[in-house]
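This is structure_34.csv (CSV, C-alpha atoms and all ligand atoms).
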chain,number,residue,atom,x,y,z
A,42,MET,CA,-11.7,3.8,-10.5
A,43,ALA,CA,-10.5,4.9,-7.0
A,44,THR,CA,-7.0,6.3,-6.9
A,45,HIS,CA,-4.4,4.2,-5.2
A,46,ALA,CA,-1.2,5.9,-4.4
A,47,GLY,CA,2.0,4.8,-2.7
A,48,GLY,CA,4.5,7.1,-1.2
A,49,LEU,CA,2.3,9.0,1.2
A,50,SER,CA,4.8,10.8,3.6
A,51,THR,CA,3.0,13.8,4.9
A,52,GLY,CA,3.3,14.5,8.6
A,53,THR,CA,2.4,11.8,11.0
A,54,SER,CA,0.0,10.0,8.7
A,55,ALA,CA,0.9,6.5,7.2
A,56,VAL,CA,-2.5,5.6,5.7
A,57,ARG,CA,-5.4,7.8,4.5
A,58,VAL,CA,-8.4,6.1,2.9
A,59,ARG,CA,-11.3,8.2,1.8
A,60,ASP,CA,-14.7,7.3,0.6
A,61,LEU,CA,-13.8,3.8,-0.5
A,62,HIS,CA,-16.4,1.8,-2.3
A,63,ARG,CA,-16.3,-1.8,-3.5
A,64,SER,CA,-19.1,-4.1,-4.8
A,65,PHE,CA,-18.9,-7.4,-6.5
A,66,ASN,CA,-22.4,-7.5,-7.9
A,67,LYS,CA,-25.6,-5.4,-8.1
A,68,ALA,CA,-26.9,-6.7,-4.7
A,69,GLY,CA,-25.0,-4.0,-2.8
A,70,GLY,CA,-21.7,-2.8,-1.7
A,71,VAL,CA,-19.1,-4.5,0.5
A,72,LEU,CA,-17.3,-1.2,1.2
A,73,ASN,CA,-19.7,1.8,1.2
A,74,GLY,CA,-17.7,5.0,1.5
A,75,LEU,CA,-15.1,3.9,4.0
A,76,ASP,CA,-12.7,6.3,5.7
A,77,LEU,CA,-9.7,5.3,7.6
A,78,ASP,CA,-6.5,6.9,8.9
A,79,ILE,CA,-3.6,5.2,10.5
A,80,ALA,CA,-0.7,7.2,12.0
A,81,ARG,CA,2.9,6.2,11.4
A,82,GLY,CA,3.9,3.4,13.8
A,83,GLU,CA,0.3,2.9,14.9
A,84,PHE,CA,-1.0,-0.6,15.4
A,85,VAL,CA,-4.7,-0.9,14.3
A,86,ALA,CA,-6.7,-4.2,14.6
A,87,LEU,CA,-9.6,-4.6,12.3
A,88,ILE,CA,-12.5,-6.8,13.4
A,89,GLY,CA,-15.9,-7.5,11.9
A,90,ARG,CA,-18.2,-10.4,11.2
A,91,SER,CA,-17.3,-12.9,8.5
A,92,GLY,CA,-18.0,-11.4,5.1
A,93,SER,CA,-18.0,-7.9,6.3
A,94,GLY,CA,-15.3,-6.9,3.9
A,95,LYS,CA,-12.1,-7.0,6.0
A,96,SER,CA,-10.0,-8.9,3.4
A,97,THR,CA,-11.6,-6.7,0.7
A,98,LEU,CA,-10.3,-3.6,2.4
A,99,LEU,CA,-6.9,-5.1,3.0
A,100,ARG,CA,-6.6,-6.1,-0.6
A,101,ALA,CA,-7.6,-2.6,-1.7
A,102,MET,CA,-5.0,-1.1,0.6
A,103,ALA,CA,-2.3,-3.5,-0.7
A,104,GLY,CA,-3.0,-2.4,-4.2
A,105,LEU,CA,-4.1,-6.0,-5.1
A,106,ASP,CA,-7.6,-5.0,-6.2
A,107,ARG,CA,-7.6,-3.0,-9.4
A,108,ASP,CA,-11.4,-2.9,-9.6
A,109,VAL,CA,-12.1,-0.7,-6.6
A,110,ALA,CA,-14.6,1.7,-7.9
A,111,GLY,CA,-15.8,5.2,-7.0
A,112,HIS,CA,-14.2,8.6,-6.4
A,113,GLY,CA,-12.4,7.4,-3.3
A,114,SER,CA,-8.8,7.3,-2.6
A,115,VAL,CA,-6.3,5.1,-0.9
A,116,ARG,CA,-3.0,6.6,0.2
A,117,VAL,CA,-0.4,4.3,1.7
A,118,PRO,CA,3.4,4.5,2.1
A,119,ARG,CA,5.8,3.4,-0.5
A,120,GLN,CA,7.0,0.3,1.4
A,121,VAL,CA,4.0,-2.0,2.1
A,122,SER,CA,4.3,-5.7,3.2
A,123,VAL,CA,1.4,-8.1,3.3
A,124,VAL,CA,1.1,-11.3,5.5
A,125,PHE,CA,-1.7,-13.8,5.0
A,126,GLN,CA,-3.2,-16.7,7.0
A,127,ASP,CA,-1.1,-19.1,5.0
A,128,SER,CA,2.6,-18.3,4.7
A,129,ARG,CA,2.6,-18.3,0.9
A,130,LEU,CA,6.2,-19.4,0.9
A,131,LEU,CA,7.4,-20.7,-2.5
A,132,PRO,CA,7.8,-24.5,-2.0
A,133,TRP,CA,10.6,-24.8,-4.5
A,134,ARG,CA,12.8,-22.2,-2.8
A,135,ARG,CA,14.7,-22.6,0.4
A,136,VAL,CA,13.7,-20.5,3.4
A,137,LEU,CA,16.4,-17.8,3.0
A,138,GLU,CA,15.6,-17.5,-0.7
A,139,ASN,CA,11.9,-17.0,0.1
A,140,VAL,CA,12.7,-14.3,2.6
A,141,THR,CA,15.0,-12.4,0.1
A,142,PHE,CA,13.0,-13.2,-3.0
A,143,GLY,CA,13.0,-10.2,-5.4
A,144,MET,CA,15.6,-8.3,-3.4
A,145,ARG,CA,18.7,-7.3,-5.2
A,146,GLY,CA,22.2,-6.5,-4.0
A,147,ARG,CA,24.9,-8.3,-2.0
A,148,ALA,CA,23.4,-7.2,1.3
A,149,ALA,CA,20.2,-9.1,0.7
A,150,ALA,CA,21.3,-12.4,2.0
A,151,GLU,CA,22.8,-10.9,5.1
A,152,LYS,CA,19.6,-8.9,5.8
A,153,GLY,CA,17.6,-12.1,5.2
A,154,ARG,CA,19.7,-14.0,7.7
A,155,GLN,CA,19.2,-11.2,10.3
A,156,ALA,CA,15.5,-11.2,9.7
A,157,LEU,CA,15.4,-15.0,10.2
A,158,ALA,CA,17.4,-14.7,13.4
A,159,GLU,CA,14.9,-12.0,14.6
A,160,VAL,CA,12.0,-14.4,14.3
A,161,GLY,CA,14.0,-17.3,15.9
A,162,LEU,CA,14.8,-19.2,12.7
A,163,GLU,CA,18.5,-18.9,12.8
A,164,GLY,CA,20.1,-22.1,11.3
A,165,ARG,CA,17.0,-22.8,9.2
A,166,GLU,CA,18.1,-20.7,6.2
A,167,ARG,CA,18.6,-23.7,3.9
A,168,ALA,CA,15.5,-25.6,5.0
A,169,TRP,CA,12.6,-26.1,2.5
A,170,PRO,CA,9.3,-24.6,3.5
A,171,HIS,CA,7.7,-28.1,3.9
A,172,GLU,CA,10.3,-28.9,6.6
A,173,LEU,CA,9.0,-26.1,8.8
A,174,SER,CA,6.0,-26.3,11.2
A,175,GLY,CA,3.0,-24.0,10.6
A,176,GLY,CA,4.2,-21.6,13.2
A,177,GLU,CA,7.7,-21.6,11.7
A,178,GLN,CA,6.3,-20.9,8.3
A,179,GLN,CA,4.4,-17.9,9.6
A,180,ARG,CA,7.6,-16.7,11.3
A,181,ALA,CA,9.4,-17.0,7.9
A,182,ALA,CA,6.6,-15.0,6.3
A,183,LEU,CA,7.0,-12.3,9.0
A,184,ALA,CA,10.8,-12.3,8.3
A,185,ARG,CA,10.0,-11.9,4.6
A,186,SER,CA,7.8,-9.0,5.2
A,187,LEU,CA,10.1,-7.2,7.7
A,188,VAL,CA,13.3,-7.6,5.7
A,189,ARG,CA,11.7,-5.0,3.3
A,190,GLU,CA,11.5,-2.6,6.2
A,191,PRO,CA,7.9,-1.8,5.5
A,192,GLU,CA,6.3,1.5,6.7
A,193,LEU,CA,3.0,-0.3,6.6
A,194,LEU,CA,2.4,-4.0,7.4
A,195,LEU,CA,-1.0,-5.4,6.3
A,196,ALA,CA,-1.8,-8.7,8.0
A,197,ASP,CA,-4.9,-10.8,7.2
A,198,GLU,CA,-5.5,-13.2,10.1
A,199,PRO,CA,-1.8,-14.2,10.1
A,200,PHE,CA,-2.2,-16.4,13.1
A,201,GLY,CA,-5.6,-17.8,12.3
A,202,ALA,CA,-4.4,-21.3,11.5
A,203,LEU,CA,-2.1,-21.6,14.5
A,204,ASP,CA,-2.8,-23.3,17.9
A,205,ALA,CA,-3.5,-21.1,20.9
A,206,LEU,CA,0.0,-21.4,22.5
A,207,THR,CA,1.8,-20.8,19.2
A,208,ARG,CA,-0.4,-17.8,18.7
A,209,ILE,CA,0.6,-16.3,22.1
A,210,ARG,CA,4.2,-16.7,21.2
A,211,MET,CA,3.5,-15.0,17.8
A,212,HIS,CA,1.8,-12.1,19.6
A,213,VAL,CA,4.9,-11.6,21.8
A,214,LEU,CA,7.1,-11.8,18.7
A,215,LEU,CA,5.0,-9.4,16.6
A,216,ARG,CA,4.9,-6.9,19.4
A,217,ARG,CA,8.7,-7.1,19.8
A,218,LEU,CA,9.2,-6.7,16.0
A,219,CYS,CA,6.8,-3.8,15.8
A,220,GLU,CA,8.5,-2.0,18.7
A,221,ALA,CA,11.9,-2.5,16.9
A,222,HIS,CA,10.8,-1.6,13.4
A,223,ARG,CA,7.8,0.7,14.1
A,224,PRO,CA,5.7,0.0,11.0
A,225,ALA,CA,2.1,1.1,10.9
A,226,VAL,CA,0.1,-2.1,11.1
A,227,LEU,CA,-3.4,-3.1,10.0
A,228,LEU,CA,-4.1,-6.5,11.5
A,229,VAL,CA,-7.3,-8.3,10.5
A,230,THR,CA,-8.4,-10.8,13.2
A,231,HIS,CA,-11.5,-12.7,14.4
A,232,ASP,CA,-10.1,-12.8,17.8
A,233,VAL,CA,-10.9,-9.8,20.1
A,234,ASP,CA,-8.3,-10.9,22.7
A,235,GLU,CA,-5.7,-10.8,20.0
A,236,ALA,CA,-6.9,-7.3,19.1
A,237,ILE,CA,-6.7,-6.1,22.7
A,238,VAL,CA,-3.3,-7.6,23.3
A,239,LEU,CA,-1.7,-6.2,20.3
A,240,ALA,CA,-3.4,-3.0,19.1
A,241,ASP,CA,-3.3,0.7,19.9
A,242,ARG,CA,-6.8,1.0,18.3
A,243,VAL,CA,-9.4,-1.5,17.3
A,244,ILE,CA,-11.8,-0.7,14.5
A,245,VAL,CA,-15.0,-2.5,13.7
A,246,LEU,CA,-16.2,-2.9,10.1
A,247,ASP,CA,-19.9,-3.1,9.6
A,248,ASP,CA,-22.1,-2.3,6.6
A,249,GLY,CA,-19.0,-1.3,4.6
A,250,VAL,CA,-17.9,1.5,6.9
A,251,VAL,CA,-15.8,1.8,10.1
A,252,ARG,CA,-18.7,1.4,12.6
A,253,SER,CA,-16.5,1.9,15.8
A,254,ASP,CA,-13.1,3.1,16.5
A,255,ILE,CA,-11.9,2.1,20.0
A,256,ARG,CA,-8.6,3.2,21.6
A,257,ILE,CA,-6.9,0.5,23.7
A,258,ASP,CA,-5.4,2.6,26.5
A,259,LEU,CA,-3.9,-0.3,28.6
A,260,THR,CA,-0.4,0.4,29.7
A,261,GLY,CA,2.3,-2.1,30.4
A,262,ARG,CA,1.8,-5.8,30.1
A,263,ARG,CA,-1.8,-6.5,28.9
A,264,SER,CA,-3.3,-9.2,31.0
A,265,GLN,CA,-6.7,-10.7,30.9
A,266,ALA,CA,-6.7,-10.4,34.7
A,267,ASP,CA,-6.9,-6.6,34.3
A,268,PRO,CA,-10.6,-5.6,34.7
A,269,ARG,CA,-10.1,-3.0,31.9
A,270,PHE,CA,-9.2,-5.9,29.6
A,271,ALA,CA,-12.4,-7.7,30.4
A,272,ALA,CA,-14.4,-4.5,29.9
A,273,LEU,CA,-12.9,-3.9,26.5
A,274,ARG,CA,-13.5,-7.5,25.6
A,275,THR,CA,-17.1,-7.3,26.5
A,276,ARG,CA,-17.5,-4.1,24.5
A,277,LEU,CA,-15.8,-5.4,21.4
A,278,LEU,CA,-17.9,-8.7,21.5
A,279,ALA,CA,-21.0,-6.6,21.8
A,280,GLU,CA,-19.9,-4.6,18.8
A,281,LEU,CA,-19.8,-7.9,16.9
A,282,GLY,CA,-23.2,-9.0,18.3
A,283,VAL,CA,-21.7,-11.7,20.5
A,284,GLU,CA,-22.3,-12.1,24.2
A,285,ASP,CA,-19.2,-12.5,26.3
A,286,ASP,CA,-19.5,-15.9,27.9
A,287,HIS,CA,-15.8,-16.2,28.7
A,288,ASP,CA,-15.6,-19.4,26.8
A,289,THR,CA,-13.2,-19.1,24.0
A,290,SER,CA,-10.1,-21.3,24.0
A,291,LEU,CA,-7.7,-18.4,23.6
A,292,ALA,CA,-9.3,-16.5,26.4
A,293,GLU,CA,-8.9,-19.5,28.7
A,294,THR,CA,-5.3,-19.9,27.7
A,295,TYR,CA,-4.6,-16.3,28.4
A,296,GLY,CA,-6.4,-16.6,31.7
A,297,LYS,CA,-4.4,-19.7,32.7
A,298,LYS,CA,-1.2,-18.0,31.6
A,299,ALA,CA,-2.0,-14.9,33.7
A,300,ALA,CA,-2.8,-17.1,36.7
A,301,SER,CA,0.3,-19.3,36.6
A,401,LIG,N1,-13.7,-11.7,-5.8
A,401,LIG,C1,-14.9,-11.7,-5.3
A,401,LIG,N2,-16.0,-12.0,-6.1
A,401,LIG,C2,-17.2,-11.9,-5.6
A,401,LIG,N3,-17.5,-11.6,-4.3
A,401,LIG,C3,-16.5,-11.4,-3.5
A,401,LIG,C4,-15.1,-11.4,-4.0
A,401,LIG,N4,-14.3,-11.2,-2.9
A,401,LIG,C5,-15.1,-11.0,-1.8
A,401,LIG,N5,-16.4,-11.1,-2.2
A,401,LIG,C6,-17.6,-11.0,-1.3
A,401,LIG,O1,-17.4,-9.8,-0.5
A,401,LIG,C7,-17.8,-10.0,0.8
A,401,LIG,C8,-16.7,-9.6,1.7
A,401,LIG,O2,-15.6,-10.5,1.6
A,401,LIG,P1,-14.3,-10.5,2.5
A,401,LIG,O3,-13.5,-11.6,2.0
A,401,LIG,O4,-13.8,-9.1,2.4
A,401,LIG,O5,-14.9,-10.7,3.9
A,401,LIG,P2,-14.1,-10.8,5.3
A,401,LIG,O6,-14.6,-9.8,6.2
A,401,LIG,O7,-12.6,-10.9,5.0
A,401,LIG,O8,-14.6,-12.3,5.8
A,401,LIG,P3,-13.9,-13.4,6.6
A,401,LIG,O9,-13.9,-12.9,8.1
A,401,LIG,O10,-14.7,-14.6,6.5
A,401,LIG,O11,-12.5,-13.6,6.1
A,401,LIG,C9,-18.3,-11.4,0.9
A,401,LIG,O12,-19.7,-11.4,0.8
A,401,LIG,C10,-17.7,-12.1,-0.3
A,401,LIG,O13,-18.5,-13.1,-0.8
A,402,MG,MG,-11.2,-12.3,5.2
Kindly present the structure from the file in structure tokens form.
Ligand SMILES: Nc1ncnc2c1ncn2[C@@H]1O[C@H](COP(=O)(O)OP(=O)(O)OP(=O)(O)O)[C@@H](O)[C@H]1O
Ligand SMILES: [Mg+2]
Amino acid sequence: MATHAGGLSTGTSAVRVRDLHRSFNKAGGVLNGLDLDIARGEFVALIGRSGSGKSTLLRAMAGLDRDVAGHGSVRVPRQVSVVFQDSRLLPWRRVLENVTFGMRGRAAAEKGRQALAEVGLEGRERAWPHELSGGEQQRAALARSLVREPELLLADEPFGALDALTRIRMHVLLRRLCEAHRPAVLLVTHDVDEAIVLADRVIVLDDGVVRSDIRIDLTGRRSQADPRFAALRTRLLAELGVEDDHDTSLAETYGKKAAS
């Protein structure tokens, strides 16, 4: 079994994955000797076609997959938080209790309140999860992950179920939270625009390895109107084997937003 170790704290590195293998049957591997490094505070977006192994990698990094085989190793920091496409809030606990679930000490409730305020959910502490909208539930999930002050945030399509405008608000929020808390981030997304807007680096998973590793060197506000944005978009879509026809709804929304 591959080794999985928390508590990596050497130098500037937050994540070090070496030679990671995972297969579910004899037909072939999903992860085939994957290497990945993420620096402290670095925001990495992970893209790849459906079934390429993105969630498999994330689960291995989160320590949720005990059957990862091979001689490989996964080194991550001690404090790791995970956010999924659905909020996974416990329906029988109020929002604040969800955020602080498992935390001990008198300061927990106060920290939870602060985290909820940071994601714009002040005053909703006593609400039940079903009383929140989808976007609000995801914000509560973000608060739950950040209240633990993670050194690594793993997010598997956290905004995938949200409408385009709510997504844009979540992008702004996530960037602000990351600037404030500086966790290393691995964000799985299907959306190349989301990757370019948020990440310092975009990696492309293909055939069970990191096929491409592309630095996003846009400074300041990242606008689709910037020709460098468009060039990156075309390149990433090409990596995914898709032609850039400027026709995705999110791209249009960003375009309109930039124009207005
Ligand atoms: N528990 C499992 N048992 C058997 N096969 C699995 C299991 N988990 C994942 N797989 C297979 O591994 C491959 C990669 O799955 P994974 O969920 O990592 O893909 P993904 O890149 O996250 O895809 P998507 O973009 O659709 O979410 C798929 O072929 C999937 O069927
Ligand atoms: Mg997945």
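Around ligand MG 402 (chain A), the neighbouring residues within 7 Å, taking all atoms listed in the file, come to Ser91, Gly92, Gly94, Lys95, Ser96 and Asp197 of chain A.
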Quiz item: Mind pulling up the distance from atom CA of A:Thr260 to atom CA of A:Ser54?
Solution: 23.1 Å
Practice problem: Would you mind listing the residues within 12 Å of ligand LIG 401 (chain A), counting only C-alpha atoms and all ligand atoms, as a ChimeraX atom specification? | Solution: /A:62-73,87-101,105-109,125-126,196-199,201,228-232,245-250,281
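The space separating atom CA of A:Glu138 from atom CA of A:His212 comes to 25.1 Å.
The nearest approach to A:Val188 among the residues A:Val140, A:Leu277, A:Ala148, A:Ala168, with all atoms listed in the file taken into account, belongs to A:Val140.
A distance cut-off of 6 Å around (-6.8, -0.3, 17.6), counting all atoms listed in the file, selects these protein and nucleic acid residues: Val85, Ala86, Ala240, Asp241, Arg242, Val243, Ile244 and Arg256 of chain A.
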Practice problem: Report the distance between atom CA of A:Ala46 and atom CA of A:Arg116 in Å, rounded to one decimal place. | Solution: 5.0 Å
Self-check item: Among the residues A:Ala225, A:Val136, A:Met211, A:Met144, the one that comes closest to A:His171 [using all atoms listed in the file]
Solution: A:Val136
Self-check item: Residues near A:Leu273, cut-off 9 Å, only C-alpha atoms, skip fewer than 2 positions along chain, as a ChimeraX atom specification
Solution: /A:233,237,255,257,268-271,275-278
